[in-house]
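Undergrad: Enclosed is the structure file query_25.txt (compact mmCIF, C-alpha atoms and all ligand atoms).
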```txt
# COMPACT_ATOMS: atom_id res chain seq x y z
CA MET B 1 16.41 -6.16 -19.83
CA VAL B 2 15.91 -4.96 -16.25
CA ARG B 3 17.76 -6.67 -13.41
CA ASP B 4 15.76 -8.24 -10.59
CA TYR B 5 15.12 -5.66 -7.86
CA SER B 6 13.40 -8.05 -5.39
CA LEU B 7 14.78 -7.70 -1.86
CA LYS B 8 16.91 -10.46 -0.30
CA PRO B 9 15.73 -11.83 3.09
CA ALA B 10 18.57 -10.04 4.90
CA GLU B 11 17.36 -6.70 3.54
CA VAL B 12 13.96 -7.04 5.24
CA PRO B 13 13.86 -5.72 8.82
CA LEU B 14 12.60 -7.96 11.58
CA PHE B 15 9.91 -6.18 13.47
CA ASP B 16 8.23 -7.60 16.51
CA PRO B 17 5.70 -5.16 18.00
CA GLU B 18 5.35 -5.02 21.78
CA VAL B 19 2.19 -6.58 23.22
CA LEU B 20 0.62 -3.85 25.38
CA THR B 21 -1.24 -4.21 28.67
CA ALA B 22 -4.76 -2.72 28.64
CA LYS B 23 -3.56 0.05 30.97
CA LYS B 24 -0.60 1.07 28.81
CA ARG B 25 -2.73 0.92 25.70
CA GLU B 26 -5.35 3.25 27.17
CA ALA B 27 -2.68 5.67 28.39
CA LEU B 28 -1.15 5.83 24.91
CA ARG B 29 -4.52 6.36 23.29
CA THR B 30 -5.19 9.29 25.64
CA ARG B 31 -1.79 10.86 24.90
CA ILE B 32 -2.34 10.57 21.15
CA LYS B 33 -5.84 12.05 21.29
CA ARG B 34 -4.54 14.99 23.31
CA GLN B 35 -1.71 15.63 20.86
CA LEU B 36 -3.98 15.46 17.82
CA ALA B 37 -6.36 18.00 19.35
CA GLU B 38 -3.57 20.36 20.47
CA LYS B 39 -1.94 20.30 17.04
CA ASN B 40 -5.20 20.52 15.06
CA ALA B 41 -3.93 17.42 13.29
CA VAL B 42 -5.81 14.67 11.47
CA LEU B 43 -4.70 11.04 11.55
CA ILE B 44 -4.79 9.21 8.21
CA ALA B 45 -4.08 5.49 8.50
CA HIS B 46 -3.65 2.65 6.05
CA TYR B 47 -5.58 -0.61 6.52
CA TYR B 48 -2.36 -2.53 7.20
CA VAL B 49 -1.27 -0.64 10.34
CA ASP B 50 -1.95 -1.67 13.94
CA GLY B 51 -5.70 -2.02 14.63
CA ASP B 52 -5.43 0.37 17.59
CA VAL B 53 -4.01 3.07 15.31
CA GLN B 54 -6.79 2.42 12.79
CA ASP B 55 -9.42 2.78 15.53
CA LEU B 56 -7.87 6.01 16.78
CA ALA B 57 -7.92 7.49 13.28
CA GLU B 58 -11.64 6.84 13.03
CA GLU B 59 -12.48 7.91 16.59
CA THR B 60 -10.68 11.24 16.16
CA GLY B 61 -12.32 12.20 12.86
CA GLY B 62 -9.55 10.99 10.54
CA CYS B 63 -9.73 8.08 8.13
CA VAL B 64 -8.57 4.53 7.47
CA SER B 65 -8.33 3.66 3.82
CA ASP B 66 -6.31 2.45 0.84
CA SER B 67 -3.42 4.41 -0.60
CA LEU B 68 -5.58 6.23 -3.18
CA GLU B 69 -8.13 7.46 -0.64
CA MET B 70 -5.40 8.41 1.83
CA ALA B 71 -3.96 10.74 -0.82
CA ARG B 72 -7.32 12.27 -1.66
CA TYR B 73 -8.40 12.61 1.97
CA GLY B 74 -5.19 14.39 3.03
CA ARG B 75 -5.38 16.79 0.12
CA ASP B 76 -9.03 17.70 0.77
CA HIS B 77 -8.94 17.93 4.58
CA ASP B 78 -8.64 21.41 6.06
CA ALA B 79 -6.39 20.41 9.01
CA GLU B 80 -3.05 22.23 9.06
CA THR B 81 -1.19 19.08 10.03
CA LEU B 82 -1.54 15.58 8.59
CA ILE B 83 -0.30 12.54 10.51
CA VAL B 84 0.14 9.68 8.07
CA ALA B 85 0.34 6.19 9.58
CA GLY B 86 1.57 3.97 6.80
CA VAL B 87 4.78 3.72 4.80
CA ARG B 88 6.97 6.56 3.60
CA PHE B 89 5.59 6.90 0.08
CA MET B 90 2.18 7.61 1.64
CA GLY B 91 3.56 10.47 3.73
CA GLU B 92 5.46 11.81 0.72
CA THR B 93 2.34 11.68 -1.46
CA ALA B 94 0.42 13.65 1.18
CA LYS B 95 3.18 16.30 1.27
CA ILE B 96 3.41 16.54 -2.53
CA LEU B 97 -0.34 17.10 -2.79
CA SER B 98 -0.44 19.58 0.12
CA PRO B 99 2.92 21.38 0.23
CA GLU B 100 1.44 24.05 2.51
CA LYS B 101 0.55 21.52 5.23
CA ARG B 102 2.93 19.93 7.71
CA VAL B 103 3.00 16.17 7.29
CA PHE B 104 4.35 13.84 9.99
CA MET B 105 4.73 10.07 10.24
CA PRO B 106 5.25 7.89 13.33
CA THR B 107 8.60 6.93 11.78
CA LEU B 108 10.33 7.78 8.52
CA GLU B 109 11.97 4.35 8.59
CA ALA B 110 8.75 2.75 7.36
CA GLU B 111 9.82 1.85 3.84
CA CYS B 112 8.32 -0.37 1.16
CA SER B 113 10.16 -3.06 -0.79
CA LEU B 114 8.77 -1.68 -4.06
CA ASP B 115 10.06 1.82 -3.30
CA ILE B 116 13.48 0.46 -2.24
CA GLY B 117 13.57 -1.69 -5.39
CA CYS B 118 13.25 1.29 -7.71
CA PRO B 119 16.34 3.52 -7.29
CA PRO B 120 15.66 6.85 -9.04
CA ASP B 121 18.94 7.10 -10.98
CA GLU B 122 18.61 3.60 -12.42
CA PHE B 123 14.95 4.19 -13.18
CA GLU B 124 15.78 7.46 -14.93
CA ALA B 125 18.24 5.60 -17.18
CA PHE B 126 15.55 3.01 -17.95
CA CYS B 127 13.15 5.80 -18.99
CA ARG B 128 15.88 7.43 -21.11
CA ASP B 129 16.44 4.11 -22.92
CA ASN B 130 12.73 3.86 -23.75
CA PRO B 131 11.66 7.36 -24.76
CA ASP B 132 8.72 6.18 -26.87
CA ARG B 133 6.80 4.82 -23.86
CA THR B 134 4.35 6.49 -21.48
CA VAL B 135 5.80 6.16 -17.99
CA VAL B 136 3.29 4.77 -15.49
CA VAL B 137 4.51 4.26 -11.92
CA TYR B 138 2.80 2.66 -8.98
CA ALA B 139 2.21 4.97 -5.99
CA ASN B 140 4.63 2.78 -3.98
CA THR B 141 7.64 4.79 -5.20
CA SER B 142 9.74 7.74 -4.06
CA ALA B 143 8.93 11.35 -4.94
CA ARG B 144 11.90 11.37 -7.36
CA VAL B 145 10.54 8.38 -9.27
CA LYS B 146 7.07 9.95 -9.40
CA ALA B 147 8.67 13.12 -10.76
CA LEU B 148 9.89 11.08 -13.77
CA ALA B 149 6.43 9.68 -14.53
CA ASP B 150 3.56 10.64 -16.83
CA TRP B 151 1.06 8.89 -14.59
CA VAL B 152 0.98 7.62 -11.01
CA VAL B 153 -1.51 4.84 -10.25
CA THR B 154 -2.56 2.78 -7.23
CA SER B 155 -3.97 -0.73 -7.36
CA SER B 156 -7.49 0.75 -7.23
CA VAL B 157 -7.15 2.54 -10.56
CA GLY B 158 -4.11 1.01 -12.31
CA LEU B 159 -6.13 -1.30 -14.52
CA ALA B 160 -8.57 1.40 -15.65
CA ILE B 161 -5.82 3.93 -16.37
CA VAL B 162 -3.73 1.47 -18.41
CA GLU B 163 -6.87 0.44 -20.32
CA HIS B 164 -7.42 4.12 -21.13
CA LEU B 165 -3.81 4.63 -22.27
CA ASP B 166 -3.86 1.44 -24.34
CA ALA B 167 -7.06 2.58 -26.07
CA ARG B 168 -5.17 5.75 -27.06
CA GLY B 169 -2.48 3.54 -28.63
CA GLU B 170 0.20 4.31 -26.04
CA LYS B 171 2.96 1.84 -25.20
CA ILE B 172 3.74 1.71 -21.49
CA LEU B 173 6.81 1.59 -19.32
CA TRP B 174 5.64 0.25 -15.96
CA ALA B 175 7.36 0.27 -12.56
CA PRO B 176 8.07 -1.10 -10.06
CA ASP B 177 5.81 -4.10 -9.27
CA LYS B 178 6.34 -6.89 -11.82
CA HIS B 179 3.35 -8.91 -10.55
CA LEU B 180 0.86 -6.05 -10.66
CA GLY B 181 2.32 -4.99 -14.04
CA ALA B 182 1.98 -8.52 -15.47
CA TYR B 183 -1.60 -8.77 -14.15
CA ILE B 184 -2.59 -5.46 -15.77
CA ALA B 185 -0.84 -6.36 -19.04
CA GLU B 186 -2.67 -9.68 -19.14
CA LYS B 187 -6.07 -8.10 -18.38
CA THR B 188 -5.74 -5.18 -20.81
CA GLY B 189 -3.52 -6.64 -23.55
CA ALA B 190 -1.51 -3.40 -23.37
CA ASP B 191 2.12 -3.31 -24.53
CA MET B 192 3.90 -2.94 -21.17
CA LEU B 193 7.62 -2.99 -20.50
CA LEU B 194 8.02 -4.01 -16.85
CA TRP B 195 10.47 -3.03 -14.14
CA SER B 196 11.26 -5.95 -11.87
CA GLY B 197 10.38 -5.07 -8.26
CA ALA B 198 8.11 -6.98 -5.89
CA CYS B 199 6.23 -6.65 -2.61
CA ILE B 200 7.85 -8.89 -0.01
CA VAL B 201 4.46 -9.53 1.59
CA HIS B 202 2.30 -10.45 -1.38
CA GLU B 203 5.00 -12.30 -3.27
CA GLU B 204 5.06 -14.89 -0.49
CA PHE B 205 1.55 -16.24 -0.87
CA LYS B 206 1.97 -19.75 -2.18
CA PHE B 207 -0.10 -21.28 -4.94
CA GLN B 208 0.22 -24.93 -3.87
CA ALA B 209 -0.45 -24.24 -0.19
CA LEU B 210 -3.46 -22.14 -1.20
CA ALA B 211 -4.79 -25.00 -3.33
CA ASP B 212 -4.39 -27.32 -0.30
CA MET B 213 -6.23 -24.83 1.88
CA GLN B 214 -9.06 -24.62 -0.65
CA ARG B 215 -9.53 -28.37 -0.31
CA ILE B 216 -10.05 -27.86 3.45
CA TYR B 217 -12.47 -24.94 2.89
CA PRO B 218 -14.16 -25.80 -0.42
CA ASP B 219 -16.87 -23.14 0.00
CA ALA B 220 -14.50 -20.29 0.80
CA GLY B 221 -14.12 -17.38 -1.58
CA VAL B 222 -10.54 -16.36 -2.41
CA LEU B 223 -9.68 -12.64 -2.29
CA VAL B 224 -6.29 -11.55 -3.64
CA HIS B 225 -4.34 -8.30 -3.82
CA PRO B 226 -2.78 -7.97 -7.29
CA GLU B 227 0.76 -7.59 -5.93
CA SER B 228 0.63 -11.39 -5.56
CA SER B 229 2.06 -13.79 -8.14
CA ALA B 230 0.09 -14.71 -11.28
CA ARG B 231 -0.58 -18.28 -10.09
CA VAL B 232 -2.15 -16.99 -6.86
CA ILE B 233 -4.14 -14.33 -8.73
CA GLU B 234 -5.52 -17.01 -11.05
CA MET B 235 -7.16 -18.72 -8.07
CA ALA B 236 -9.02 -15.61 -6.92
CA ASP B 237 -12.76 -15.00 -6.91
CA ALA B 238 -11.95 -11.29 -6.63
CA VAL B 239 -8.70 -9.40 -7.28
CA GLY B 240 -8.22 -5.83 -6.16
CA SER B 241 -6.86 -3.15 -3.89
CA THR B 242 -7.48 -3.24 -0.15
CA THR B 243 -10.75 -1.32 -0.55
CA GLN B 244 -11.83 -3.57 -3.41
CA ILE B 245 -11.12 -6.64 -1.24
CA LEU B 246 -13.33 -5.19 1.51
CA LYS B 247 -16.08 -4.55 -1.03
CA ALA B 248 -15.85 -8.09 -2.43
CA ALA B 249 -16.01 -9.54 1.09
CA SER B 250 -19.34 -7.86 1.68
CA GLU B 251 -20.79 -8.42 -1.81
CA LEU B 252 -19.83 -12.06 -2.49
CA PRO B 253 -22.25 -14.62 -1.03
CA ASN B 254 -19.59 -16.79 0.71
CA ASP B 255 -19.53 -17.03 4.51
CA THR B 256 -15.80 -17.80 4.57
CA PHE B 257 -12.92 -16.16 2.72
CA ILE B 258 -9.25 -16.97 2.26
CA VAL B 259 -7.53 -13.62 1.92
CA ALA B 260 -4.16 -13.05 0.24
CA THR B 261 -3.09 -9.67 1.54
CA ASP B 262 -1.39 -8.18 4.59
CA ARG B 263 -3.04 -9.37 7.79
CA GLY B 264 -3.57 -5.76 8.93
CA LEU B 265 -6.66 -5.70 6.68
CA PHE B 266 -8.31 -8.39 8.81
CA HIS B 267 -9.07 -5.80 11.50
CA LYS B 268 -11.38 -3.94 9.13
CA LEU B 269 -12.67 -7.08 7.39
CA ARG B 270 -13.85 -8.55 10.72
CA ARG B 271 -15.43 -5.28 11.83
CA ALA B 272 -17.21 -4.83 8.52
CA GLU B 273 -18.42 -8.44 8.27
CA PRO B 274 -18.62 -9.86 11.81
CA ASN B 275 -20.65 -12.87 10.70
CA LYS B 276 -18.16 -14.00 8.08
CA THR B 277 -14.92 -15.91 8.64
CA PHE B 278 -11.61 -14.66 7.25
CA ILE B 279 -8.58 -16.91 6.97
CA GLU B 280 -5.05 -15.84 6.07
CA ALA B 281 -3.80 -17.25 2.79
CA PRO B 282 -0.69 -19.37 3.39
CA THR B 283 2.77 -17.92 2.91
CA ALA B 284 4.80 -21.07 3.43
CA GLY B 285 4.62 -23.85 0.87
CA ASP B 286 6.76 -26.98 1.13
CA GLY B 287 10.35 -26.00 1.82
CA ALA B 288 9.54 -22.30 1.63
CA THR B 289 10.75 -19.63 4.02
CA CYS B 290 8.79 -16.53 4.78
CA ARG B 291 10.31 -13.10 5.22
CA SER B 292 7.16 -11.18 6.09
CA CYS B 293 4.66 -13.94 6.98
CA ALA B 294 1.81 -11.81 5.64
CA HIS B 295 2.56 -8.71 7.64
CA CYS B 296 4.56 -5.84 6.23
CA PRO B 297 7.39 -5.12 8.71
CA TRP B 298 7.38 -1.45 7.75
CA MET B 299 3.61 -1.05 8.26
CA ALA B 300 4.13 -2.77 11.64
CA MET B 301 6.38 0.10 12.74
CA ASN B 302 3.25 2.26 13.10
CA GLU B 303 2.60 1.35 16.72
CA LEU B 304 0.74 3.39 19.36
CA GLU B 305 3.93 4.14 21.27
CA THR B 306 5.89 5.26 18.21
CA LEU B 307 2.98 7.46 17.19
CA ALA B 308 2.63 9.02 20.65
CA LEU B 309 6.36 9.78 20.87
CA ALA B 310 6.52 11.24 17.35
CA LEU B 311 3.61 13.57 18.14
CA GLU B 312 5.06 14.65 21.48
CA ASN B 313 8.60 15.16 20.17
CA GLY B 314 7.64 16.61 16.79
CA THR B 315 9.72 13.99 14.94
CA GLY B 316 9.01 12.24 11.64
CA GLU B 317 8.24 15.33 9.57
CA VAL B 318 8.17 14.70 5.81
CA PHE B 319 10.02 17.16 3.56
CA ILE B 320 10.10 17.11 -0.24
CA ASP B 321 12.38 19.14 -2.46
CA PRO B 322 9.93 21.73 -3.87
CA GLU B 323 11.10 21.24 -7.49
CA ILE B 324 10.69 17.44 -7.26
CA GLY B 325 7.35 17.98 -5.52
CA LYS B 326 6.07 20.19 -8.34
CA ARG B 327 7.04 17.63 -10.98
CA ALA B 328 5.60 14.70 -8.99
CA MET B 329 2.33 16.59 -8.45
CA VAL B 330 1.53 16.45 -12.21
CA PRO B 331 1.18 12.63 -12.59
CA LEU B 332 -0.44 12.37 -9.14
CA GLN B 333 -3.01 14.99 -10.08
CA ARG B 334 -3.74 13.09 -13.33
CA MET B 335 -4.56 10.01 -11.26
CA LEU B 336 -6.81 11.92 -8.88
CA ASP B 337 -8.61 13.60 -11.80
CA PHE B 338 -9.13 10.31 -13.63
CA PRO B 339 -12.89 9.54 -13.64
CA ARG B 340 -13.69 6.56 -11.43
P1 LIG B 401 -3.62 -0.32 -1.58
O1 LIG B 401 -3.48 0.78 -2.56
O2 LIG B 401 -4.49 -1.43 -2.08
O3 LIG B 401 -4.06 0.20 -0.26
O4 LIG B 401 -2.22 -1.02 -1.39
C1 LIG B 401 -1.09 -0.38 -0.89
C2 LIG B 401 -0.06 -1.35 -0.58
O5 LIG B 401 1.02 -0.99 -0.15
C3 LIG B 401 -0.34 -2.76 -0.81
O6 LIG B 401 0.70 -3.54 -0.39
FE1 LIG B 402 5.20 -2.14 0.23
FE2 LIG B 402 4.30 -4.61 0.27
FE3 LIG B 402 4.55 -3.24 2.54
FE4 LIG B 402 2.62 -2.63 0.74
S1 LIG B 402 2.80 -4.49 1.92
S2 LIG B 402 3.96 -1.20 1.83
S3 LIG B 402 3.72 -3.02 -1.17
S4 LIG B 402 6.21 -3.86 1.17
```
Would you mind giving the structure from this file in structure tokens?
Ligand code: 13P
Ligand code: SF4

TA:
Amino acid sequence: MVRDYSLKPAEVPLFDPEVLTAKKREALRTRIKRQLAEKNAVLIAHYYVDGDVQDLAEETGGCVSDSLEMARYGRDHDAETLIVAGVRFMGETAKILSPEKRVFMPTLEAECSLDIGCPPDEFEAFCRDNPDRTVVVYANTSARVKALADWVVTSSVGLAIVEHLDARGEKILWAPDKHLGAYIAEKTGADMLLWSGACIVHEEFKFQALADMQRIYPDAGVLVHPESSARVIEMADAVGSTTQILKAASELPNDTFIVATDRGLFHKLRRAEPNKTFIEAPTAGDGATCRSCAHCPWMAMNELETLALALENGTGEVFIDPEIGKRAMVPLQRMLDFPR
């Protein structure tokens, strides 16, 4: 039996980004563009970071995407320097896949509750206690945890990879997200032993408040990231990774959507579908408190100013122990080679 590795409210940083004047914003954008050009660096951003950082990534020839595509894009790009705007596991993944490149992040303090909730030594003991199981870990983990795995998956490909392993008769040890693990186990029928971590953002979407909201917007489609709880997932018209949510928003016929994922994705959703309406799924049911209120405090650390300063001062470089990196590369490579 695994103990509960969910974070307590006091363990979640409070992060309140500065509201910038138009003048300051433009000055920061100019400084960042100059630095990227001087360093021959490409900016790779996740959909949950500040909209200005997302726009800069696209305007300067980089990309904005989900965690799977960020990994692939960084590996395949010929820039000598990758700037990863996201959380630490994303920068580490980029470095593992491209050890010859220099990888920087606006701040190395950008963590993830799933990564924090899976300490490598305890996870190693868990694997040792269950040697008959194929170890599948979510990308939201440290390099050391990845180095212990047979497979790494993201929410884009987790279901398909577990289906494939189950068809081969393999029993699975899954970490760290208990909600995503339970969702995949339920969909595939695979024998999965689950670690007990959670995402502080997605775990807070509330089933009852969502049901109330659906009564107000009866024609709205419901889009849910699978790090949410089973009761919220059950209410979804589409469940999937950030990219899969974007795809569903354009393919489903509804004009209005209630979206259960980090509010950073709304920047892209509204650009991609300007004639549709997107509403944040509720995080506070009766008597509930919210620690993240639908925005990841670590993703929020990727602000224009932090990015400009990191580029100018050369801070936030990601280093991985080469031995750990070599071992972590194997399950990551399996994921990237898996036919989509
Ligand atoms: P995606 O792989 O869907 O981009 O999700 C990453 C993540 O951290 C979700 O909380
Ligand atoms: Fe981790 Fe959740 Fe933040 Fe994604 S949103 S980086 S899973 S804490």

Undergrad: Report as a PyMOL selection string all protein, DNA and RNA residues lying within 12 Å of Pro274 in chain B, evaluated on all atoms listed in the file, omitting residues in the same chain fewer than 5 positions from it.

TA: chain B and resi 249-250+255-256+266-269

Undergrad: For ligand LIG 402 (chain B), list the contacting residues at 7 Å or closer, counting only C-alpha atoms and all ligand atoms, as a VMD selection string.

TA: chain B and resid 87 111 to 114 140 199 to 202 262 296 298 to 299

Undergrad: Residues at most 10 Å from ligand LIG 401 (chain B), using all atoms listed in the file? Could they come as a PDB file with C-alpha atoms, keeping the file's coordinate frame?

TA:
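The result, written out as pocket_20.pdb:
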```pdb
ATOM      1  CA  HIS B  46      -3.650   2.650   6.050  1.00  0.00           C
ATOM      2  CA  TYR B  47      -5.580  -0.610   6.520  1.00  0.00           C
ATOM      3  CA  TYR B  48      -2.360  -2.530   7.200  1.00  0.00           C
ATOM      4  CA  VAL B  64      -8.570   4.530   7.470  1.00  0.00           C
ATOM      5  CA  SER B  65      -8.330   3.660   3.820  1.00  0.00           C
ATOM      6  CA  ASP B  66      -6.310   2.450   0.840  1.00  0.00           C
ATOM      7  CA  SER B  67      -3.420   4.410  -0.600  1.00  0.00           C
ATOM      8  CA  LEU B  68      -5.580   6.230  -3.180  1.00  0.00           C
ATOM      9  CA  GLU B  69      -8.130   7.460  -0.640  1.00  0.00           C
ATOM     10  CA  MET B  70      -5.400   8.410   1.830  1.00  0.00           C
ATOM     11  CA  GLY B  86       1.570   3.970   6.800  1.00  0.00           C
ATOM     12  CA  VAL B  87       4.780   3.720   4.800  1.00  0.00           C
ATOM     13  CA  PHE B  89       5.590   6.900   0.080  1.00  0.00           C
ATOM     14  CA  MET B  90       2.180   7.610   1.640  1.00  0.00           C
ATOM     15  CA  CYS B 112       8.320  -0.370   1.160  1.00  0.00           C
ATOM     16  CA  SER B 113      10.160  -3.060  -0.790  1.00  0.00           C
ATOM     17  CA  LEU B 114       8.770  -1.680  -4.060  1.00  0.00           C
ATOM     18  CA  ASP B 115      10.060   1.820  -3.300  1.00  0.00           C
ATOM     19  CA  TYR B 138       2.800   2.660  -8.980  1.00  0.00           C
ATOM     20  CA  ALA B 139       2.210   4.970  -5.990  1.00  0.00           C
ATOM     21  CA  ASN B 140       4.630   2.780  -3.980  1.00  0.00           C
ATOM     22  CA  VAL B 153      -1.510   4.840 -10.250  1.00  0.00           C
ATOM     23  CA  THR B 154      -2.560   2.780  -7.230  1.00  0.00           C
ATOM     24  CA  SER B 155      -3.970  -0.730  -7.360  1.00  0.00           C
ATOM     25  CA  SER B 156      -7.490   0.750  -7.230  1.00  0.00           C
ATOM     26  CA  VAL B 157      -7.150   2.540 -10.560  1.00  0.00           C
ATOM     27  CA  GLY B 158      -4.110   1.010 -12.310  1.00  0.00           C
ATOM     28  CA  ALA B 198       8.110  -6.980  -5.890  1.00  0.00           C
ATOM     29  CA  CYS B 199       6.230  -6.650  -2.610  1.00  0.00           C
ATOM     30  CA  ILE B 200       7.850  -8.890  -0.010  1.00  0.00           C
ATOM     31  CA  VAL B 201       4.460  -9.530   1.590  1.00  0.00           C
ATOM     32  CA  HIS B 202       2.300 -10.450  -1.380  1.00  0.00           C
ATOM     33  CA  HIS B 225      -4.340  -8.300  -3.820  1.00  0.00           C
ATOM     34  CA  PRO B 226      -2.780  -7.970  -7.290  1.00  0.00           C
ATOM     35  CA  GLU B 227       0.760  -7.590  -5.930  1.00  0.00           C
ATOM     36  CA  SER B 228       0.630 -11.390  -5.560  1.00  0.00           C
ATOM     37  CA  GLY B 240      -8.220  -5.830  -6.160  1.00  0.00           C
ATOM     38  CA  SER B 241      -6.860  -3.150  -3.890  1.00  0.00           C
ATOM     39  CA  THR B 242      -7.480  -3.240  -0.150  1.00  0.00           C
ATOM     40  CA  THR B 243     -10.750  -1.320  -0.550  1.00  0.00           C
ATOM     41  CA  GLN B 244     -11.830  -3.570  -3.410  1.00  0.00           C
ATOM     42  CA  ILE B 245     -11.120  -6.640  -1.240  1.00  0.00           C
ATOM     43  CA  THR B 261      -3.090  -9.670   1.540  1.00  0.00           C
ATOM     44  CA  ASP B 262      -1.390  -8.180   4.590  1.00  0.00           C
ATOM     45  CA  LEU B 265      -6.660  -5.700   6.680  1.00  0.00           C
ATOM     46  CA  HIS B 295       2.560  -8.710   7.640  1.00  0.00           C
ATOM     47  CA  CYS B 296       4.560  -5.840   6.230  1.00  0.00           C
ATOM     48  CA  MET B 299       3.610  -1.050   8.260  1.00  0.00           C
TER      49      MET B 299
END
```

Undergrad: May I ask for the distance between CA of Ala248 in chain B and CA of Val224 in chain B, given in Å to one decimal place?

TA: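 Separating CA of Ala248 in chain B from CA of Val224 in chain B is a distance of 10.2 Å.
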
Undergrad: Could you check how far CA of Ser142 in chain B sits from CA of Cys118 in chain B, in Å to one decimal?

TA: 8.2 Å

Undergrad: Could you check which residues have any atom within 10 Å of (5.0, 16.7, -7.7), counting all atoms listed in the file with coordinates taken straight from the file, and then list them as a list of chain:residue names?

TA: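 Residues found, by chain and rising number: B:Glu92, B:Thr93, B:Lys95, B:Ile96, B:Leu97, B:Ser98, B:Pro99, B:Ala143, B:Arg144, B:Lys146, B:Ala147, B:Leu148, B:Ala149, B:Ile320, B:Asp321, B:Pro322, B:Glu323, B:Ile324, B:Gly325, B:Lys326, B:Arg327, B:Ala328, B:Met329, B:Val330, B:Pro331, B:Leu332, B:Gln333.
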
Undergrad: Quick one: residues within 10 Å of Arg133 in chain B, all atoms listed in the file counted, chain neighbours fewer than 5 positions away excluded, as JSON, numbers by chain?

TA: {"B": [127, 128, 150, 170, 171, 172, 173, 174, 191, 192, 193]}

Undergrad: Can those selected residues be exported to a file as a PDB file, in the coordinates of the input so that it contains C-alpha atoms?

TA:
```
ATOM      1  CA  CYS B 127      13.150   5.800 -18.990  1.00  0.00           C
ATOM      2  CA  ARG B 128      15.880   7.430 -21.110  1.00  0.00           C
ATOM      3  CA  ASP B 150       3.560  10.640 -16.830  1.00  0.00           C
ATOM      4  CA  GLU B 170       0.200   4.310 -26.040  1.00  0.00           C
ATOM      5  CA  LYS B 171       2.960   1.840 -25.200  1.00  0.00           C
ATOM      6  CA  ILE B 172       3.740   1.710 -21.490  1.00  0.00           C
ATOM      7  CA  LEU B 173       6.810   1.590 -19.320  1.00  0.00           C
ATOM      8  CA  TRP B 174       5.640   0.250 -15.960  1.00  0.00           C
ATOM      9  CA  ASP B 191       2.120  -3.310 -24.530  1.00  0.00           C
ATOM     10  CA  MET B 192       3.900  -2.940 -21.170  1.00  0.00           C
ATOM     11  CA  LEU B 193       7.620  -2.990 -20.500  1.00  0.00           C
TER      12      LEU B 193
END
```

Undergrad: Could you tell me how far CA of Glu18 in chain B sits from CA of Lys39 in chain B, in Å to one decimal place?

TA: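 Separation of CA of Lys39 in chain B and CA of Glu18 in chain B: 26.8 Å.
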
Undergrad: Using all atoms listed in the file, which residues sit within 12 Å of Pro339 in chain B once same-chain residues fewer than 2 positions away are excluded, as a list in words?

TA: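 Listed by chain and then number, they are Val157, Ala160, Ile161, His164, Gln333, Arg334, Met335, Leu336 and Asp337 of chain B.
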
Undergrad: Measuring between all atoms listed in the file, which one of B:Phe319, B:Tyr5, B:Phe205, B:Trp195 shows the shortest distance to Glu124 in chain B?

TA: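 Nearest candidate to Glu124 in chain B out of B:Phe319, B:Tyr5, B:Phe205, B:Trp195: B:Trp195.
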
Undergrad: Please provide as a ChimeraX atom specification all residues within 8 Å of range 72-85 of chain B, with the sequence filter that same-chain residues fewer than 4 positions apart are discarded (counting only C-alpha atoms).

TA: /B:39-46,49,53,63,68,90-91,94,97-98,101-106,302,336

Undergrad: Counting all atoms listed in the file, what is within 10 Å of Phe126 in chain B, bar same-chain residues fewer than 5 positions away, as a list in words?

TA: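 In the requested form, the answer reads Met1, Val2, Pro120, Asp121, Pro131, Leu173 and Trp195 of chain B.
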
Undergrad: Between B:Val137, B:Leu180, B:Ala185, B:Ala272, single out the one closest to Ser229 in chain B, counting all atoms listed in the file.

TA: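 Once distances to Ser229 in chain B are computed over all atoms listed in the file, the minimum belongs to B:Leu180.
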
Undergrad: Mind working out the centre and edge lengths of an axis-aligned box for range 175-181 of chain B, all listed atoms inside, 5 Å added to each side, rounded to one decimal in Å and written as lines of an AutoDock Vina configuration file?

TA:
```
center_x = 4.5
center_y = -4.3
center_z = -11.7
size_x = 17.2
size_y = 19.2
size_z = 14.8
```
